[in-house]
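K.L.:
Below is the file structure_6.cif, which contains mmCIF, C-alpha atoms.
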```
data_start
#
loop_
_atom_site.label_atom_id
_atom_site.label_comp_id
_atom_site.auth_asym_id
_atom_site.auth_seq_id
_atom_site.Cartn_x
_atom_site.Cartn_y
_atom_site.Cartn_z
CA MET A 1 1.65 -28.67 -0.85
CA LYS A 2 3.43 -31.14 -3.12
CA GLN A 3 1.99 -29.39 -6.16
CA LEU A 4 3.06 -25.98 -4.82
CA LEU A 5 6.64 -27.09 -4.23
CA GLU A 6 6.76 -28.76 -7.63
CA LYS A 7 6.20 -25.33 -9.17
CA TYR A 8 9.54 -24.17 -7.73
CA LYS A 9 11.43 -27.42 -8.19
CA LYS A 10 15.19 -26.98 -8.39
CA THR A 11 17.97 -29.31 -7.31
CA ILE A 12 20.34 -27.75 -4.79
CA ILE A 13 23.76 -29.35 -4.34
CA ASP A 14 25.57 -28.10 -1.25
CA GLY A 15 29.04 -28.30 -2.82
CA ASP A 16 27.97 -26.27 -5.85
CA ILE A 17 26.53 -23.54 -3.65
CA GLN A 18 29.74 -23.38 -1.64
CA LYS A 19 31.78 -22.82 -4.81
CA LYS A 20 29.42 -20.07 -6.00
CA VAL A 21 29.63 -18.34 -2.63
CA GLU A 22 33.44 -18.56 -2.62
CA LYS A 23 33.51 -16.83 -6.01
CA ILE A 24 31.21 -14.04 -4.79
CA VAL A 25 33.24 -13.55 -1.62
CA SER A 26 36.50 -13.40 -3.57
CA ASN A 27 35.12 -10.41 -5.49
CA ALA A 28 33.44 -8.76 -2.49
CA CYS A 29 36.49 -6.61 -1.76
CA SER A 30 35.42 -4.34 -4.62
CA LEU A 31 32.30 -3.46 -2.60
CA TYR A 32 34.24 -2.63 0.57
CA ASN A 33 33.88 1.14 0.67
CA VAL A 34 32.32 3.82 2.86
CA ASP A 35 29.11 4.06 0.85
CA ASN A 36 28.37 0.35 1.11
CA LEU A 37 29.35 0.23 4.79
CA LYS A 38 26.90 3.06 5.46
CA LYS A 39 24.30 1.22 3.45
CA ALA A 40 24.86 -1.95 5.48
CA PHE A 41 24.50 0.10 8.67
CA SER A 42 21.08 1.30 7.51
CA PHE A 43 19.95 -2.33 7.11
CA ILE A 44 20.57 -3.25 10.75
CA ASP A 45 17.84 -4.53 13.04
CA LEU A 46 19.56 -3.48 16.27
CA THR A 47 18.86 -6.41 18.54
CA THR A 48 18.80 -7.32 22.21
CA LEU A 49 17.31 -10.70 23.08
CA ASN A 50 18.57 -11.58 26.53
CA SER A 51 16.62 -13.02 29.43
CA THR A 52 18.09 -10.21 31.53
CA ASP A 53 16.64 -7.41 29.35
CA THR A 54 14.70 -4.83 31.36
CA LEU A 55 12.34 -1.99 30.44
CA ASP A 56 15.30 0.32 31.05
CA LYS A 57 17.26 -1.64 28.42
CA GLY A 58 14.46 -0.98 25.94
CA LYS A 59 14.54 2.73 26.82
CA LEU A 60 18.32 2.84 26.44
CA PHE A 61 18.13 1.23 22.99
CA ALA A 62 15.42 3.71 21.95
CA ASP A 63 17.34 6.71 23.33
CA ASN A 64 20.58 5.72 21.57
CA VAL A 65 18.77 5.27 18.26
CA SER A 66 16.81 8.51 18.73
CA ASN A 67 20.05 10.46 19.39
CA PHE A 68 21.98 8.90 16.52
CA LYS A 69 21.19 11.48 13.81
CA SER A 70 22.28 14.40 15.98
CA LYS A 71 25.70 12.80 16.46
CA PHE A 72 26.09 11.33 12.97
CA PRO A 73 24.12 13.66 10.64
CA ASN A 74 25.70 12.28 7.47
CA MET A 75 24.46 8.73 8.02
CA SER A 76 21.12 6.98 7.84
CA ASN A 77 19.91 5.43 11.07
CA VAL A 78 19.48 1.72 11.68
CA ALA A 79 16.38 0.14 10.13
CA ALA A 80 14.78 -1.17 13.32
CA ILE A 81 15.10 -2.02 16.99
CA CYS A 82 14.39 -5.71 17.65
CA VAL A 83 13.31 -6.81 21.15
CA TYR A 84 11.12 -9.24 23.05
CA PRO A 85 7.40 -8.33 23.16
CA SER A 86 7.60 -7.17 26.78
CA LEU A 87 9.99 -4.36 25.77
CA VAL A 88 8.02 -3.09 22.77
CA GLU A 89 5.96 -0.57 24.73
CA SER A 90 9.08 0.93 26.36
CA VAL A 91 10.81 1.25 22.98
CA ARG A 92 7.73 2.79 21.36
CA LYS A 93 7.35 5.33 24.17
CA ASN A 94 10.97 6.51 23.91
CA LEU A 95 11.77 6.21 20.19
CA THR A 96 11.59 9.62 18.52
CA ASP A 97 13.01 8.69 15.09
CA LYS A 98 9.81 7.65 13.35
CA ASN A 99 11.72 6.23 10.38
CA VAL A 100 13.07 3.44 12.61
CA ARG A 101 10.77 0.46 12.92
CA ILE A 102 10.16 -1.66 16.01
CA ALA A 103 10.45 -5.42 15.60
CA ALA A 104 9.35 -8.02 18.14
CA VAL A 105 10.30 -11.67 18.24
CA ALA A 106 7.16 -13.62 19.07
CA ALA A 107 5.14 -16.81 18.53
CA GLY A 108 7.08 -18.86 21.06
CA PHE A 109 10.48 -17.51 20.01
CA PRO A 110 13.08 -19.02 19.84
CA THR A 111 11.70 -22.61 19.75
CA SER A 112 8.21 -22.11 18.32
CA GLN A 113 7.15 -24.99 20.56
CA THR A 114 3.76 -23.76 21.71
CA PHE A 115 0.13 -23.75 20.58
CA LEU A 116 -0.85 -21.86 17.44
CA GLU A 117 -3.49 -19.95 19.40
CA VAL A 118 -0.78 -18.71 21.78
CA LYS A 119 1.48 -17.77 18.87
CA ILE A 120 -1.26 -15.74 17.23
CA GLN A 121 -2.22 -13.97 20.44
CA GLU A 122 1.37 -13.06 21.28
CA CYS A 123 1.93 -11.64 17.80
CA LYS A 124 -1.29 -9.61 17.92
CA MET A 125 -0.45 -8.24 21.36
CA ALA A 126 3.03 -7.20 20.21
CA VAL A 127 1.50 -5.26 17.32
CA GLU A 128 -1.03 -3.65 19.67
CA LYS A 129 1.84 -2.51 21.90
CA GLY A 130 3.55 -0.85 18.94
CA ALA A 131 5.53 -3.40 16.93
CA ASP A 132 5.85 -2.71 13.20
CA ASP A 133 7.55 -6.04 12.41
CA ILE A 134 7.01 -9.49 13.88
CA ASP A 135 9.79 -12.10 13.73
CA ILE A 136 8.66 -15.71 14.17
CA VAL A 137 10.32 -19.13 13.88
CA ILE A 138 8.87 -21.87 11.71
CA SER A 139 7.69 -24.98 13.55
CA ILE A 140 11.04 -26.66 13.00
CA GLY A 141 10.02 -30.03 14.42
CA ARG A 142 7.01 -30.20 12.12
CA PHE A 143 9.15 -29.17 9.15
CA LEU A 144 11.75 -31.85 9.88
CA ALA A 145 8.92 -34.40 10.18
CA GLY A 146 7.74 -33.43 6.69
CA ASP A 147 4.54 -31.75 7.92
CA TYR A 148 4.93 -28.91 5.46
CA GLN A 149 1.22 -28.12 5.33
CA VAL A 150 1.16 -27.46 9.09
CA VAL A 151 4.15 -25.11 8.78
CA PHE A 152 2.44 -23.29 5.91
CA GLU A 153 -0.91 -22.92 7.71
CA GLU A 154 0.70 -21.57 10.88
CA ILE A 155 2.61 -18.86 9.01
CA LYS A 156 -0.48 -17.97 7.00
CA ALA A 157 -2.63 -17.67 10.13
CA ILE A 158 -0.10 -15.44 11.89
CA LYS A 159 0.28 -13.19 8.85
CA GLU A 160 -3.48 -12.76 8.66
CA ALA A 161 -3.63 -11.97 12.39
CA ILE A 162 -1.05 -9.16 12.39
CA GLY A 163 -2.57 -7.10 9.59
CA ASP A 164 -0.25 -4.53 8.05
CA ALA A 165 2.72 -5.40 10.25
CA HIS A 166 5.62 -7.02 8.40
CA LEU A 167 6.21 -10.71 9.07
CA LYS A 168 9.76 -12.05 9.14
CA VAL A 169 9.89 -15.84 9.13
CA ILE A 170 12.98 -17.43 10.69
CA LEU A 171 13.98 -20.71 9.05
CA GLU A 172 16.70 -21.62 11.61
CA THR A 173 18.81 -22.71 8.67
CA GLY A 174 21.62 -24.09 10.83
CA VAL A 175 19.51 -27.04 11.97
CA LEU A 176 18.08 -27.86 8.55
CA PRO A 177 19.92 -30.93 7.21
CA THR A 178 20.63 -29.66 3.69
CA LEU A 179 20.50 -26.52 1.60
CA GLN A 180 17.70 -28.20 -0.34
CA ASP A 181 15.71 -28.01 2.91
CA VAL A 182 16.59 -24.31 3.18
CA ARG A 183 15.07 -23.76 -0.25
CA THR A 184 11.95 -25.77 0.63
CA ALA A 185 11.46 -23.81 3.87
CA SER A 186 11.99 -20.54 1.97
CA ILE A 187 9.31 -21.36 -0.59
CA ILE A 188 6.80 -22.47 2.06
CA ALA A 189 7.34 -19.31 4.10
CA MET A 190 6.98 -16.99 1.10
CA GLU A 191 3.91 -18.74 -0.26
CA ALA A 192 2.35 -18.50 3.21
CA GLY A 193 2.79 -14.71 3.25
CA ALA A 194 6.23 -13.90 4.69
CA ASP A 195 7.42 -10.36 3.99
CA TYR A 196 10.99 -11.41 4.82
CA ILE A 197 12.71 -14.73 5.26
CA LYS A 198 15.38 -14.81 7.95
CA THR A 199 18.20 -17.24 8.62
CA SER A 200 18.37 -17.72 12.35
CA THR A 201 17.37 -16.89 15.90
CA GLY A 202 20.99 -16.52 16.96
CA LYS A 203 20.27 -19.02 19.72
CA LEU A 204 21.56 -22.10 17.86
CA GLU A 205 24.75 -22.86 15.97
CA PRO A 206 25.48 -22.52 13.18
CA ALA A 207 23.51 -19.29 12.77
CA ALA A 208 23.65 -17.23 9.57
CA THR A 209 25.81 -18.56 6.74
CA LEU A 210 26.53 -17.15 3.32
CA GLU A 211 25.51 -20.45 1.73
CA ALA A 212 22.06 -20.33 3.36
CA VAL A 213 21.54 -16.73 2.28
CA TYR A 214 22.62 -17.64 -1.25
CA VAL A 215 19.92 -20.32 -1.42
CA MET A 216 17.33 -18.06 0.22
CA THR A 217 17.97 -15.18 -2.18
CA ASP A 218 17.89 -17.55 -5.13
CA ALA A 219 14.49 -18.77 -3.92
CA ILE A 220 13.35 -15.15 -3.46
CA ASN A 221 14.33 -14.45 -7.06
CA ASP A 222 12.37 -17.46 -8.31
CA PHE A 223 9.38 -16.45 -6.18
CA PHE A 224 9.51 -12.93 -7.60
CA LYS A 225 9.64 -14.24 -11.16
CA THR A 226 6.64 -16.49 -10.45
CA THR A 227 4.43 -14.12 -8.43
CA GLY A 228 5.73 -10.59 -9.00
CA LYS A 229 6.05 -10.15 -5.21
CA LYS A 230 9.30 -8.94 -3.68
CA VAL A 231 10.21 -10.67 -0.42
CA GLY A 232 13.02 -9.42 1.79
CA VAL A 233 15.92 -11.32 3.34
CA LYS A 234 17.47 -11.06 6.80
CA PRO A 235 20.71 -12.79 7.80
CA ALA A 236 20.91 -12.87 11.59
CA GLY A 237 23.10 -14.54 14.18
CA GLY A 238 26.85 -14.07 14.31
CA VAL A 239 27.05 -11.18 11.84
CA SER A 240 29.36 -8.80 13.69
CA THR A 241 32.13 -7.50 11.42
CA PRO A 242 32.12 -5.02 8.53
CA LYS A 243 33.68 -7.70 6.31
CA GLN A 244 30.80 -10.10 7.01
CA ALA A 245 28.23 -7.38 6.33
CA ILE A 246 29.77 -6.64 2.93
CA GLU A 247 29.93 -10.34 2.06
CA TYR A 248 26.20 -10.71 2.74
CA LEU A 249 25.55 -7.56 0.73
CA ALA A 250 27.56 -9.08 -2.13
CA VAL A 251 25.46 -12.27 -2.12
CA VAL A 252 22.20 -10.31 -2.12
CA LYS A 253 23.43 -8.05 -4.92
CA ASN A 254 24.58 -11.05 -6.96
CA ASN A 255 21.25 -12.91 -6.75
CA LEU A 256 18.77 -10.04 -6.49
CA ASP A 257 20.58 -6.94 -7.82
CA GLU A 258 20.37 -3.35 -6.58
CA LYS A 259 16.58 -3.39 -6.16
CA TRP A 260 16.99 -5.32 -2.91
CA LEU A 261 19.72 -3.12 -1.44
CA ASN A 262 17.44 -1.07 0.79
CA SER A 263 15.99 -1.55 4.27
CA ASN A 264 12.56 -2.41 2.87
CA LEU A 265 13.98 -5.66 1.46
CA PHE A 266 17.27 -6.31 3.25
CA ARG A 267 17.87 -6.40 7.00
CA ILE A 268 20.78 -7.63 9.10
CA GLY A 269 19.98 -8.83 12.61
CA ALA A 270 22.83 -7.80 14.86
CA SER A 271 23.87 -6.54 18.28
CA ARG A 272 27.60 -5.83 17.84
CA LEU A 273 27.70 -4.91 14.15
CA ALA A 274 26.44 -1.32 14.51
CA ASN A 275 29.36 -0.05 16.62
CA ASN A 276 31.88 -2.03 14.55
CA LEU A 277 30.57 -0.47 11.33
CA LEU A 278 30.61 3.01 12.87
CA ASN A 279 34.26 2.65 13.85
CA GLU A 280 35.24 1.34 10.42
CA ILE A 281 33.37 4.11 8.60
CA ILE A 282 35.05 6.79 10.73
CA LYS A 283 38.46 5.20 10.15
CA LEU A 284 37.99 5.15 6.37
CA GLU A 285 36.60 8.70 6.25
CA THR A 286 39.06 10.39 8.62
CA GLY A 287 42.00 8.05 8.95
CA GLU A 288 41.44 8.05 12.71
CA LYS A 289 41.02 4.82 14.61
CA LYS A 290 38.43 5.29 17.35
CA GLU A 291 36.55 3.03 19.70
CA ILE A 292 33.02 4.44 19.60
CA LYS A 293 30.30 2.63 21.52
CA HIS A 294 27.15 4.54 20.66
CA PHE A 295 24.86 1.50 20.96
#
```
Using structure tokens, write down the structure that the file contains.

P.N.:
Amino acid sequence: MKQLLEKYKKTIIDGDIQKKVEKIVSNACSLYNVDNLKKAFSFIDLTTLNSTDTLDKGKLFADNVSNFKSKFPNMSNVAAICVYPSLVESVRKNLTDKNVRIAAVAAGFPTSQTFLEVKIQECKMAVEKGADDIDIVISIGRFLAGDYQVVFEEIKAIKEAIGDAHLKVILETGVLPTLQDVRTASIIAMEAGADYIKTSTGKLEPAATLEAVYVMTDAINDFFKTTGKKVGVKPAGGVSTPKQAIEYLAVVKNNLDEKWLNSNLFRIGASRLANNLLNEIIKLETGEKKEIKHF
């Protein structure tokens, strides 16, 4: 593991990253237009992760997504619906838009504090029930203890177990002590087979930050240069406004260029963002201020 990390060695200074992000954000206003807002909408993993979620909630999510194109024919749909494993079957049964993926949080989400065998089985069962994407959390305690090889092996085993399903690996960046740790976790996850690296569960604070996504996308760029493999990025947790969505888009564009500005490589985990983007898009296109709550 030491040799692997040495291959990607780069010193990350938190203050320097903050200044770079501030510069990107100051120029992000040039990206604030209808086309980019629609693009950001198409990156959304529409999410409900509450202990009160029912099968009917899964059906409602699926119905709203299925009906979206008939009501908004000039927009692309969200990228995915993200739920707990117990709701996957209900979503799969009721989702008629086959371009929208189904994501399940699994492997002891949100703490990852269970046995590897249980993590693997839960992920496999979610895929069997119809999940296209699996979102897992790294073993944060093991990472903080410096047990990087354990973290790597767990991700690798889960990726092998879920076959063709996409694996999103949540780093829970808000509890990592430094941005250098964010880079280290990013490299470990990608080398272990992650298809996306994701900031947060949304269950801890701070959740997604622009600084974390800057470091993650920089690591993705270095990984791509080294291996030729494109890995996606997913900010999640607290992303709720159109302005925030455009700022994250600006960071991704700055570090990874236009090739990553599609739902195959860029997702935004959100529950409130979809309706907020819809209202802003309608306001910019028509001049009318509405309060639409489609989702």

K.L.:
Give the answer as one residue: which of A:Thr178, A:Gln121, A:Thr173, A:Ser26 has the shortest atom-to-atom distance to Lys198 of chain A, using all atoms listed in the file?

P.N.:
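Nearest to Lys198 of chain A: A:Thr173.
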
K.L.:
Enter the distance from atom CA of Val83 of chain A to atom CA of Ala104 of chain A, in Å, rounded to one decimal.

P.N.:
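Interatomic distance, atom CA of Val83 of chain A to atom CA of Ala104 of chain A: 5.1 Å.
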
K.L.:
For a quick check of understanding, using all atoms listed in the file, which of A:Glu280, A:Glu117, A:Asp16, A:Glu172 has the smallest distance to Asp135 of chain A?

P.N.:
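Closest candidate: A:Glu172.
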
K.L.:
As JSON, numbers by chain, please: the residues near Ser42 of chain A (cut-off 6 Å, all atoms listed in the file, same-chain neighbours under 2 positions excluded).

P.N.:
{"A": [39, 40, 44, 76, 77, 78, 79]}

K.L.:
Please write as number ranges by chain the full residue list that the PyMOL selection byres ((chain A and resi 68) around 12) yields on this file.

P.N.:
A: 42, 61-67, 69-78, 95-97, 100, 274-275, 278, 293-295

K.L.:
Skipping near chain neighbours, those fewer than 2 positions away, what residues fall within 10 Å of segment 185-194 of chain A using all atoms listed in the file, listed as JSON, numbers by chain?

P.N.:
{"A": [1, 4, 5, 7, 8, 9, 135, 136, 138, 140, 143, 148, 149, 151, 152, 153, 154, 155, 156, 157, 158, 159, 160, 166, 167, 168, 169, 170, 171, 172, 173, 176, 179, 180, 181, 182, 183, 196, 197, 198, 199, 215, 216, 217, 218, 219, 220, 222, 223, 224, 227, 229, 230, 231, 232]}

K.L.:
Suppose we keep C-alpha atoms; can you now write the selection as a short mmCIF file (atom, residue, chain, number, x, y, z; two decimals), in the frame of the given file?

P.N.:
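The resulting file, out-v3.cif, is shown below:
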```cif
data_model
loop_
_atom_site.label_atom_id
_atom_site.label_comp_id
_atom_site.auth_asym_id
_atom_site.auth_seq_id
_atom_site.Cartn_x
_atom_site.Cartn_y
_atom_site.Cartn_z
CA MET A 1 1.65 -28.67 -0.85
CA LEU A 4 3.06 -25.98 -4.82
CA LEU A 5 6.64 -27.09 -4.23
CA LYS A 7 6.20 -25.33 -9.17
CA TYR A 8 9.54 -24.17 -7.73
CA LYS A 9 11.43 -27.42 -8.19
CA ASP A 135 9.79 -12.10 13.73
CA ILE A 136 8.66 -15.71 14.17
CA ILE A 138 8.87 -21.87 11.71
CA ILE A 140 11.04 -26.66 13.00
CA PHE A 143 9.15 -29.17 9.15
CA TYR A 148 4.93 -28.91 5.46
CA GLN A 149 1.22 -28.12 5.33
CA VAL A 151 4.15 -25.11 8.78
CA PHE A 152 2.44 -23.29 5.91
CA GLU A 153 -0.91 -22.92 7.71
CA GLU A 154 0.70 -21.57 10.88
CA ILE A 155 2.61 -18.86 9.01
CA LYS A 156 -0.48 -17.97 7.00
CA ALA A 157 -2.63 -17.67 10.13
CA ILE A 158 -0.10 -15.44 11.89
CA LYS A 159 0.28 -13.19 8.85
CA GLU A 160 -3.48 -12.76 8.66
CA HIS A 166 5.62 -7.02 8.40
CA LEU A 167 6.21 -10.71 9.07
CA LYS A 168 9.76 -12.05 9.14
CA VAL A 169 9.89 -15.84 9.13
CA ILE A 170 12.98 -17.43 10.69
CA LEU A 171 13.98 -20.71 9.05
CA GLU A 172 16.70 -21.62 11.61
CA THR A 173 18.81 -22.71 8.67
CA LEU A 176 18.08 -27.86 8.55
CA LEU A 179 20.50 -26.52 1.60
CA GLN A 180 17.70 -28.20 -0.34
CA ASP A 181 15.71 -28.01 2.91
CA VAL A 182 16.59 -24.31 3.18
CA ARG A 183 15.07 -23.76 -0.25
CA TYR A 196 10.99 -11.41 4.82
CA ILE A 197 12.71 -14.73 5.26
CA LYS A 198 15.38 -14.81 7.95
CA THR A 199 18.20 -17.24 8.62
CA VAL A 215 19.92 -20.32 -1.42
CA MET A 216 17.33 -18.06 0.22
CA THR A 217 17.97 -15.18 -2.18
CA ASP A 218 17.89 -17.55 -5.13
CA ALA A 219 14.49 -18.77 -3.92
CA ILE A 220 13.35 -15.15 -3.46
CA ASP A 222 12.37 -17.46 -8.31
CA PHE A 223 9.38 -16.45 -6.18
CA PHE A 224 9.51 -12.93 -7.60
CA THR A 227 4.43 -14.12 -8.43
CA LYS A 229 6.05 -10.15 -5.21
CA LYS A 230 9.30 -8.94 -3.68
CA VAL A 231 10.21 -10.67 -0.42
CA GLY A 232 13.02 -9.42 1.79
#
```

K.L.:
Which residue is closest to Val118 of chain A? Choose from A:Leu49, A:Ala161, A:Ala250, A:Val34 and count only C-alpha atoms.

P.N.:
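Closest candidate: A:Ala161.
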
K.L.:
Would you kindly return, as a VMD selection string, each protein, DNA or RNA residue with an atom no farther than 9 Å from any atom of Lys57 of chain A, considering only C-alpha atoms and excluding same-chain residues fewer than 6 positions away?

P.N.:
chain A and resid 48 87 90 to 91

K.L.:
Determine, counting only C-alpha atoms, which protein, DNA and RNA residues have an atom within 7 Å of an atom of segment 127-133 of chain A; residues of the same chain fewer than 6 positions away are not included. Present the result as a compact mmCIF listing (two decimals) with C-alpha atoms, keeping the file's coordinate frame.

P.N.:
```txt
# COMPACT_ATOMS: atom_id res chain seq x y z
CA VAL A 88 8.02 -3.09 22.77
CA GLU A 89 5.96 -0.57 24.73
CA ARG A 92 7.73 2.79 21.36
CA ARG A 101 10.77 0.46 12.92
CA ILE A 102 10.16 -1.66 16.01
CA ALA A 103 10.45 -5.42 15.60
CA ALA A 104 9.35 -8.02 18.14
CA ILE A 162 -1.05 -9.16 12.39
CA ALA A 165 2.72 -5.40 10.25
CA HIS A 166 5.62 -7.02 8.40
CA LEU A 167 6.21 -10.71 9.07
```

K.L.:
Would you write out, as a PyMOL selection string, every residue that the PyMOL selection byres ((chain A and resi 240) around 6) captures in this file?

P.N.:
chain A and resi 238-239+241+272-273

K.L.:
At a cut-off of 8 Å, using all atoms listed in the file, what residues contact Leu210 of chain A? Leave out same-chain residues fewer than 4 positions from it and give the result as a PyMOL selection string.

P.N.:
chain A and resi 21+214+247-248+251

K.L.:
Would you work out the distance separating atom CA of Glu258 of chain A from atom CA of Glu285 of chain A, expressed in Å to one decimal?

P.N.:
23.9 Å

K.L.:
Between A:Phe109, A:Ser86, A:Glu205, A:Leu284, which one has atoms that come closest to Met125 of chain A, using all atoms listed in the file?

P.N.:
A:Ser86
